[in-house]
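**Student:** I'd like to ask you about the structure that follows.
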Amino acid sequence: MTPLSATLSHWLSLDEPAVLVTVAEARGSTPREEGAGMLVGREACAGTVGGGRLEWTAIATARRMLEDGSAAETLDLPLGPATGQCCGGHVVLRLERADAGTVAALEELERRARAARPTLLLFGAGHVGRAMATAFAPLPLRLLWIDGRAQEFPEAIPVGVERILTDSPLDPLASAPSGSGYLVLTHSHALDFEIAEAALRRGDAAYVGMIGSATKRAKFERWFRARGREVNALAGLTCPIGAALTGDKRPEVIAALVAAELLVAFARPLPPREREGAQAKLGKGEG
């Protein structure tokens with residue numbers, strides 16, 4: 001999806017005027033959150049503030065502003081009586097005539113949003129890894145795609161995905177920020193085990209998923225225990241991944257199911273005691 005800042009910059013370069021519509025307040029049940037925005041031009045729109053009559057009202061107001069030269073307006077809309085929408089919440093929209101300053105402000109907001117995205121390390125560029133990279137690219141994640149086999153990566157890496165070509169996959173894992181997710185699906189079960197073990201031992205992962213069957217999980221658990229690792233850490237492992245729909249092994253289907261698992265996991269805050277414990281272990285440099 002093209003960022004609003006890039007779209008607005010393009011429109012302005014063509015001398016196409018635009019209004020930026022922003023959700024300034026969202027109370028109760030609303031279709032979009034505060035900060036959501038859209039651009040309205042004379043003939044085109046980009047982004048969304050929630051659709052339905054709420055959005056139609058915003059578009060109509062913005063286009064009137066483009067005609068009469070208004071610089072700014074505010075719409076205070078209770079969704080039930082004012083728009084006929086059954087959400088029942090209350091939305092305040094701020095409409096502002098856009099200019100070069102708006103582009104800069106949007107760029108800064110987008111930069112901050114990217115910086116706040118959770119990090120996902122995707123290990124493996126095989127057929128399932130390729131399906132997952134494609135499915136995850138549009139999501140609000142920082143996606144690091146890791147493999148040591150250059151020939152396995154597609155010629156065109158999805159926009160927003162960072163390719164890491166390395167024979168030492170534990171290095172990017174060790175430097176990942178707290179609260180990252182780890183998705184393990186390499187060409188080697190032995191390597192899968194090493195990566196999954198390292199991710200679990202960090203103790204600060206939002207998600208650790210390893211591709212495989214219940215049998216593979218059982219083998220990993222025996223291997224993990226034999227190495228003297230903390231058994232409680234195994235509760236943090238998702239394997240099989242994408243198990244909400246059993247029996248369907250198409251890569252694209254698995255990718256869709258895992259995307260749902262990841263978004264739920266990233267939305268769930270890591271308990272502070274787990275973060276502190278993980279940081280203490282890392283500080284001691286346990287091997």
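Each chain in the structure tokens gets a letter, A, B, ..., in the order shown, and its residues are numbered from 1; ligands are numbered from 1 in order too.
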Got a sec: who's within 10 Å of Ala150 of chain A, counting only C-alpha atoms, leaving out chain neighbours fewer than 3 positions off, as a list in words?

**Tutor:** Ala125, Ile146, Asp147, Phe153, Pro154, Glu155, Arg163, Ile164, Leu165 and Thr166 of chain A

**Student:** Within 6 Å of segment 174-183 of chain A, counting only C-alpha atoms, which residues qualify if same-chain residues fewer than 3 places away don't, as a PDB file with N, CA and C atoms, in the first residue's frame?

**Tutor:**
```pdb
ATOM      1  N   THR A 119       8.928  -6.599  15.441  1.00  0.00           N
ATOM      2  CA  THR A 119       9.848  -7.265  14.522  1.00  0.00           C
ATOM      3  C   THR A 119       9.521  -8.750  14.425  1.00  0.00           C
ATOM      4  N   LEU A 120       9.493  -9.257  13.200  1.00  0.00           N
ATOM      5  CA  LEU A 120       9.312 -10.684  12.962  1.00  0.00           C
ATOM      6  C   LEU A 120      10.509 -11.200  12.190  1.00  0.00           C
ATOM      7  N   LEU A 121      11.164 -12.228  12.711  1.00  0.00           N
ATOM      8  CA  LEU A 121      12.256 -12.886  12.011  1.00  0.00           C
ATOM      9  C   LEU A 121      11.709 -14.157  11.375  1.00  0.00           C
ATOM     10  N   LEU A 122      11.761 -14.203  10.055  1.00  0.00           N
ATOM     11  CA  LEU A 122      11.269 -15.345   9.283  1.00  0.00           C
ATOM     12  C   LEU A 122      12.467 -16.122   8.771  1.00  0.00           C
ATOM     13  N   ASP A 171      22.798 -15.097  14.678  1.00  0.00           N
ATOM     14  CA  ASP A 171      23.289 -13.731  14.895  1.00  0.00           C
ATOM     15  C   ASP A 171      22.156 -12.713  14.868  1.00  0.00           C
ATOM     16  N   ASP A 204      11.793 -13.633  25.910  1.00  0.00           N
ATOM     17  CA  ASP A 204      11.086 -12.365  25.698  1.00  0.00           C
ATOM     18  C   ASP A 204      10.371 -12.322  24.355  1.00  0.00           C
ATOM     19  N   ALA A 205      10.118 -13.487  23.770  1.00  0.00           N
ATOM     20  CA  ALA A 205       9.501 -13.528  22.443  1.00  0.00           C
ATOM     21  C   ALA A 205       7.990 -13.349  22.537  1.00  0.00           C
ATOM     22  N   ALA A 206       7.441 -12.596  21.601  1.00  0.00           N
ATOM     23  CA  ALA A 206       5.985 -12.504  21.495  1.00  0.00           C
ATOM     24  C   ALA A 206       5.415 -13.772  20.878  1.00  0.00           C
ATOM     25  N   TYR A 207       6.221 -14.422  20.039  1.00  0.00           N
ATOM     26  CA  TYR A 207       5.763 -15.618  19.321  1.00  0.00           C
ATOM     27  C   TYR A 207       6.981 -16.399  18.870  1.00  0.00           C
ATOM     28  N   VAL A 208       6.967 -17.710  19.102  1.00  0.00           N
ATOM     29  CA  VAL A 208       7.971 -18.621  18.544  1.00  0.00           C
ATOM     30  C   VAL A 208       7.198 -19.734  17.853  1.00  0.00           C
ATOM     31  N   GLY A 209       7.265 -19.774  16.536  1.00  0.00           N
ATOM     32  CA  GLY A 209       6.550 -20.790  15.781  1.00  0.00           C
ATOM     33  C   GLY A 209       7.514 -21.621  14.954  1.00  0.00           C
ATOM     34  N   MET A 210       7.288 -22.911  14.912  1.00  0.00           N
ATOM     35  CA  MET A 210       8.133 -23.808  14.122  1.00  0.00           C
ATOM     36  C   MET A 210       7.238 -24.690  13.258  1.00  0.00           C
TER      37      MET A 210
END
```

**Student:** Could you pull out the strand (DSSP E) residues of segment 1-42 of chain A, going by DSSP on the backbone, and write them as a compact mmCIF listing (two decimals) with all heavy atoms, in the first residue's frame?

**Tutor:**
```txt
# COMPACT_ATOMS: atom_id res chain seq x y z
N ALA A 18 -5.85 18.76 -2.44
CA ALA A 18 -6.33 17.65 -1.62
C ALA A 18 -6.64 18.14 -0.22
O ALA A 18 -6.10 19.15 0.25
CB ALA A 18 -5.30 16.53 -1.57
N VAL A 19 -7.50 17.39 0.46
CA VAL A 19 -7.82 17.63 1.86
C VAL A 19 -7.43 16.37 2.64
O VAL A 19 -7.73 15.25 2.20
CB VAL A 19 -9.33 17.93 2.05
CG1 VAL A 19 -9.72 17.87 3.53
CG2 VAL A 19 -9.67 19.28 1.45
N LEU A 20 -6.74 16.58 3.76
CA LEU A 20 -6.42 15.47 4.65
C LEU A 20 -7.51 15.36 5.70
O LEU A 20 -7.81 16.33 6.41
CB LEU A 20 -5.07 15.70 5.33
CG LEU A 20 -4.67 14.66 6.39
CD1 LEU A 20 -4.48 13.28 5.76
CD2 LEU A 20 -3.41 15.10 7.13
N VAL A 21 -8.13 14.19 5.78
CA VAL A 21 -9.15 13.90 6.79
C VAL A 21 -8.54 12.99 7.84
O VAL A 21 -8.01 11.92 7.51
CB VAL A 21 -10.38 13.22 6.16
CG1 VAL A 21 -11.47 13.00 7.21
CG2 VAL A 21 -10.92 14.03 4.99
N THR A 22 -8.59 13.39 9.11
CA THR A 22 -7.99 12.62 10.19
C THR A 22 -9.01 12.34 11.27
O THR A 22 -9.82 13.22 11.62
CB THR A 22 -6.80 13.39 10.81
OG1 THR A 22 -5.88 13.75 9.79
CG2 THR A 22 -6.09 12.53 11.85
N VAL A 23 -9.00 11.13 11.83
CA VAL A 23 -9.84 10.81 12.99
C VAL A 23 -9.17 11.46 14.20
O VAL A 23 -8.17 10.97 14.72
CB VAL A 23 -9.98 9.30 13.19
CG1 VAL A 23 -10.84 9.01 14.43
CG2 VAL A 23 -10.61 8.65 11.96
N ALA A 24 -9.71 12.59 14.64
CA ALA A 24 -9.13 13.31 15.78
C ALA A 24 -9.54 12.70 17.11
O ALA A 24 -8.77 12.70 18.08
CB ALA A 24 -9.55 14.77 15.72
N GLU A 25 -10.77 12.18 17.18
CA GLU A 25 -11.26 11.52 18.39
C GLU A 25 -12.10 10.32 17.98
O GLU A 25 -12.84 10.38 17.00
CB GLU A 25 -12.12 12.46 19.24
CG GLU A 25 -11.39 13.64 19.84
CD GLU A 25 -12.31 14.50 20.69
OE1 GLU A 25 -13.19 13.93 21.38
OE2 GLU A 25 -12.18 15.74 20.64
N ALA A 26 -12.00 9.25 18.76
CA ALA A 26 -12.82 8.05 18.52
C ALA A 26 -13.25 7.52 19.88
O ALA A 26 -12.43 7.02 20.65
CB ALA A 26 -12.04 7.00 17.75
N ARG A 27 -14.53 7.67 20.19
CA ARG A 27 -15.04 7.23 21.48
C ARG A 27 -16.07 6.12 21.27
O ARG A 27 -16.92 6.21 20.38
CB ARG A 27 -15.67 8.40 22.23
CG ARG A 27 -14.71 9.56 22.45
CD ARG A 27 -15.27 10.58 23.45
NE ARG A 27 -16.51 11.20 23.01
CZ ARG A 27 -16.56 12.29 22.23
NH1 ARG A 27 -15.44 12.84 21.77
NH2 ARG A 27 -17.73 12.81 21.89
N GLY A 37 -6.30 8.14 8.77
CA GLY A 37 -6.50 9.25 7.87
C GLY A 37 -6.77 8.85 6.45
O GLY A 37 -6.57 7.70 6.05
N MET A 38 -7.24 9.81 5.66
CA MET A 38 -7.44 9.62 4.24
C MET A 38 -7.24 10.95 3.52
O MET A 38 -7.37 12.02 4.13
CB MET A 38 -8.84 9.06 3.95
CG MET A 38 -9.98 10.03 4.18
SD MET A 38 -11.62 9.32 3.80
CE MET A 38 -11.46 8.98 2.05
N LEU A 39 -6.91 10.85 2.26
CA LEU A 39 -6.78 12.03 1.41
C LEU A 39 -7.97 12.08 0.46
O LEU A 39 -8.38 11.04 -0.08
CB LEU A 39 -5.49 11.97 0.60
CG LEU A 39 -4.19 12.05 1.38
CD1 LEU A 39 -3.00 11.73 0.47
CD2 LEU A 39 -4.02 13.43 2.01
N VAL A 40 -8.49 13.25 0.26
CA VAL A 40 -9.61 13.44 -0.66
C VAL A 40 -9.21 14.47 -1.71
O VAL A 40 -8.86 15.61 -1.37
CB VAL A 40 -10.88 13.91 0.07
CG1 VAL A 40 -12.03 14.08 -0.92
CG2 VAL A 40 -11.27 12.92 1.17
N GLY A 41 -9.23 14.04 -2.96
CA GLY A 41 -9.01 14.97 -4.07
C GLY A 41 -10.33 15.23 -4.78
O GLY A 41 -11.38 14.73 -4.36
```

**Student:** If we count only C-alpha atoms and set the cut-off at 9 Å, which residues sit around Ala133 of chain A, ignoring sequence neighbours fewer than 3 positions away in its own chain? Please answer as JSON, numbers by chain.

**Tutor:** {"A": [122, 125, 128, 129, 130, 136, 137, 143, 145, 157, 158, 161, 255]}

**Student:** Name the residues of segment 77-217 of chain A that fall into helix (DSSP H, G or I) according to DSSP on the backbone, using the chain letters and numbers of this document, as a PyMOL selection string.

**Tutor:** chain A and resi 79-83+100-115+127-136+150-152+170-174+189-202+214-217

**Student:** Smallest atom-to-atom distance to Leu173 of chain A: which of A:Arg229, A:Arg202, A:Arg64, A:Arg42, using only C-alpha atoms?

**Tutor:**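 Using only C-alpha atoms, Leu173 of chain A sits closest to A:Arg202.
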
**Student:** Can you measure atom CA of Leu66 of chain A to atom CA of Pro78 of chain A for me? One decimal in Å is fine.

**Tutor:**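 Straight-line distance from atom CA of Leu66 of chain A to atom CA of Pro78 of chain A works out to 24.8 Å.
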
**Student:** What's the 10 Å shell around Leu263 of chain A, counting only C-alpha atoms, without same-chain residues fewer than 3 positions away, as an mmCIF file with C-alpha atoms, in the first residue's frame?

**Tutor:**
```
data_model
loop_
_atom_site.group_PDB
_atom_site.id
_atom_site.type_symbol
_atom_site.label_atom_id
_atom_site.label_comp_id
_atom_site.auth_asym_id
_atom_site.auth_seq_id
_atom_site.Cartn_x
_atom_site.Cartn_y
_atom_site.Cartn_z
ATOM 1 C CA PRO A 118 7.007 -5.305 16.090
ATOM 2 C CA LEU A 139 1.068 -6.172 7.582
ATOM 3 C CA PRO A 140 2.253 -3.660 10.223
ATOM 4 C CA LEU A 141 5.431 -5.607 10.949
ATOM 5 C CA ALA A 206 5.985 -12.504 21.495
ATOM 6 C CA TYR A 207 5.763 -15.618 19.321
ATOM 7 C CA VAL A 258 -0.039 -17.960 10.733
ATOM 8 C CA ALA A 259 -0.583 -14.270 9.967
ATOM 9 C CA ALA A 260 -3.645 -14.384 12.219
ATOM 10 C CA PHE A 266 1.850 -9.208 18.910
ATOM 11 C CA ALA A 267 -1.286 -7.574 20.336
ATOM 12 C CA ARG A 268 -0.759 -9.413 23.623
#
```

**Student:** Asp192 of chain A: which residues within 12 Å, counting only C-alpha atoms, same-chain residues fewer than 2 positions away excluded, as JSON, numbers by chain?

**Tutor:** {"A": [122, 123, 124, 147, 169, 170, 182, 183, 184, 185, 186, 187, 188, 189, 190, 194, 195, 196, 197, 198, 199, 208, 209, 210, 211, 212, 216, 217, 219, 220, 223, 239]}

**Student:** Store the residues picked out above, limited to N, CA, C and O atoms, as a short mmCIF file (atom, residue, chain, number, x, y, z; two decimals), in the first residue's frame.

**Tutor:**
```
data_model
loop_
_atom_site.label_atom_id
_atom_site.label_comp_id
_atom_site.auth_asym_id
_atom_site.auth_seq_id
_atom_site.Cartn_x
_atom_site.Cartn_y
_atom_site.Cartn_z
N LEU A 122 11.76 -14.20 10.06
CA LEU A 122 11.27 -15.34 9.28
C LEU A 122 12.47 -16.12 8.77
O LEU A 122 13.22 -15.64 7.93
N PHE A 123 12.67 -17.32 9.29
CA PHE A 123 13.82 -18.15 8.92
C PHE A 123 13.40 -19.18 7.89
O PHE A 123 12.59 -20.06 8.17
N GLY A 124 13.94 -19.05 6.68
CA GLY A 124 13.64 -20.01 5.62
C GLY A 124 13.02 -19.37 4.41
O GLY A 124 12.02 -18.66 4.52
N ASP A 147 17.94 -16.40 5.38
CA ASP A 147 18.35 -17.70 4.83
C ASP A 147 19.79 -17.57 4.36
O ASP A 147 20.26 -16.47 4.09
N PRO A 169 22.34 -17.83 11.21
CA PRO A 169 21.03 -17.26 11.53
C PRO A 169 20.85 -16.89 12.99
O PRO A 169 19.94 -16.12 13.32
N LEU A 170 21.68 -17.44 13.87
CA LEU A 170 21.54 -17.10 15.28
C LEU A 170 22.03 -15.68 15.57
O LEU A 170 21.69 -15.11 16.62
N TYR A 182 9.42 -15.02 16.13
CA TYR A 182 10.36 -15.88 15.42
C TYR A 182 9.57 -16.99 14.75
O TYR A 182 8.84 -17.73 15.41
N LEU A 183 9.71 -17.09 13.44
CA LEU A 183 9.00 -18.09 12.67
C LEU A 183 10.03 -18.95 11.95
O LEU A 183 10.79 -18.45 11.11
N VAL A 184 10.07 -20.23 12.30
CA VAL A 184 11.17 -21.10 11.91
C VAL A 184 10.69 -22.15 10.93
O VAL A 184 9.89 -23.04 11.28
N LEU A 185 11.19 -22.09 9.70
CA LEU A 185 10.80 -23.06 8.68
C LEU A 185 11.93 -23.21 7.67
O LEU A 185 11.75 -22.95 6.48
N THR A 186 13.08 -23.64 8.14
CA THR A 186 14.24 -23.80 7.27
C THR A 186 14.18 -25.15 6.55
O THR A 186 13.26 -25.94 6.75
N HIS A 187 15.22 -25.42 5.76
CA HIS A 187 15.30 -26.68 5.02
C HIS A 187 15.81 -27.83 5.88
O HIS A 187 15.89 -28.97 5.41
N SER A 188 16.18 -27.55 7.13
CA SER A 188 16.82 -28.55 7.99
C SER A 188 16.13 -28.61 9.35
O SER A 188 16.00 -27.60 10.04
N HIS A 189 15.70 -29.83 9.75
CA HIS A 189 15.09 -29.98 11.07
C HIS A 189 16.09 -29.66 12.17
O HIS A 189 15.73 -29.06 13.20
N ALA A 190 17.35 -30.03 11.98
CA ALA A 190 18.38 -29.75 12.98
C ALA A 190 18.54 -28.25 13.17
O ALA A 190 18.64 -27.74 14.30
N GLU A 194 17.76 -25.71 16.49
CA GLU A 194 18.73 -24.77 17.05
C GLU A 194 18.13 -23.37 17.15
O GLU A 194 18.30 -22.67 18.17
N ILE A 195 17.44 -22.95 16.09
CA ILE A 195 16.87 -21.61 16.07
C ILE A 195 15.72 -21.50 17.08
O ILE A 195 15.63 -20.53 17.85
N ALA A 196 14.84 -22.50 17.10
CA ALA A 196 13.71 -22.46 18.02
C ALA A 196 14.19 -22.48 19.47
O ALA A 196 13.65 -21.76 20.33
N GLU A 197 15.22 -23.27 19.75
CA GLU A 197 15.76 -23.31 21.11
C GLU A 197 16.29 -21.95 21.52
O GLU A 197 16.01 -21.44 22.62
N ALA A 198 17.06 -21.30 20.63
CA ALA A 198 17.63 -20.00 20.95
C ALA A 198 16.53 -18.96 21.17
O ALA A 198 16.64 -18.11 22.07
N ALA A 199 15.48 -19.02 20.38
CA ALA A 199 14.38 -18.07 20.54
C ALA A 199 13.65 -18.28 21.87
O ALA A 199 13.31 -17.32 22.58
N VAL A 208 6.97 -17.71 19.10
CA VAL A 208 7.97 -18.62 18.54
C VAL A 208 7.20 -19.73 17.85
O VAL A 208 6.52 -20.52 18.51
N GLY A 209 7.27 -19.77 16.54
CA GLY A 209 6.55 -20.79 15.78
C GLY A 209 7.51 -21.62 14.95
O GLY A 209 8.46 -21.08 14.38
N MET A 210 7.29 -22.91 14.91
CA MET A 210 8.13 -23.81 14.12
C MET A 210 7.24 -24.69 13.26
O MET A 210 6.29 -25.31 13.75
N ILE A 211 7.52 -24.72 11.98
CA ILE A 211 6.72 -25.54 11.07
C ILE A 211 6.94 -27.01 11.38
O ILE A 211 8.03 -27.43 11.78
N GLY A 212 5.89 -27.80 11.22
CA GLY A 212 6.04 -29.23 11.47
C GLY A 212 4.78 -29.84 12.05
O GLY A 212 3.77 -29.15 12.26
N LYS A 216 6.98 -33.88 15.08
CA LYS A 216 8.19 -33.04 15.12
C LYS A 216 8.26 -32.29 16.44
O LYS A 216 9.35 -32.15 17.02
N ARG A 217 7.14 -31.82 16.92
CA ARG A 217 7.15 -31.12 18.21
C ARG A 217 7.61 -32.05 19.33
O ARG A 217 8.41 -31.66 20.18
N LYS A 219 9.53 -34.63 19.11
CA LYS A 219 10.97 -34.84 18.98
C LYS A 219 11.75 -33.64 19.48
O LYS A 219 12.78 -33.79 20.15
N PHE A 220 11.25 -32.45 19.17
CA PHE A 220 11.94 -31.24 19.64
C PHE A 220 11.91 -31.16 21.16
O PHE A 220 12.91 -30.81 21.79
N TRP A 223 14.46 -33.43 22.59
CA TRP A 223 15.79 -32.86 22.32
C TRP A 223 16.07 -31.69 23.25
O TRP A 223 17.16 -31.54 23.79
N CYS A 239 3.76 -25.09 17.63
CA CYS A 239 4.12 -26.12 16.65
C CYS A 239 3.14 -27.26 16.82
O CYS A 239 3.05 -27.84 17.91
#
```

**Student:** Using only C-alpha atoms, which residue out of A:Arg222, A:Arg201, A:Arg97, A:Arg114 lies closest to Ser70 of chain A?

**Tutor:**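 Closest residue, counting only C-alpha atoms: A:Arg97.
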
**Student:** So how many Å separate atom CA of Asn232 of chain A and atom CA of Glu261 of chain A, to one decimal?

**Tutor:**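 Those two atoms sit 20.8 Å apart.
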
**Student:** Identify which of the residues A:Met65, A:Gly203, A:Gly89, A:Glu16 lies closest to Glu43 of chain A, counting only C-alpha atoms when measuring atom-to-atom distances.

**Tutor:**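 Closest to Glu43 of chain A of all the choices is A:Glu16.
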
**Student:** Enter the distance from atom CA of Gly126 of chain A to atom CA of Pro251 of chain A, in Å, rounded to one decimal.

**Tutor:**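 These atoms are spaced 10.1 Å apart.
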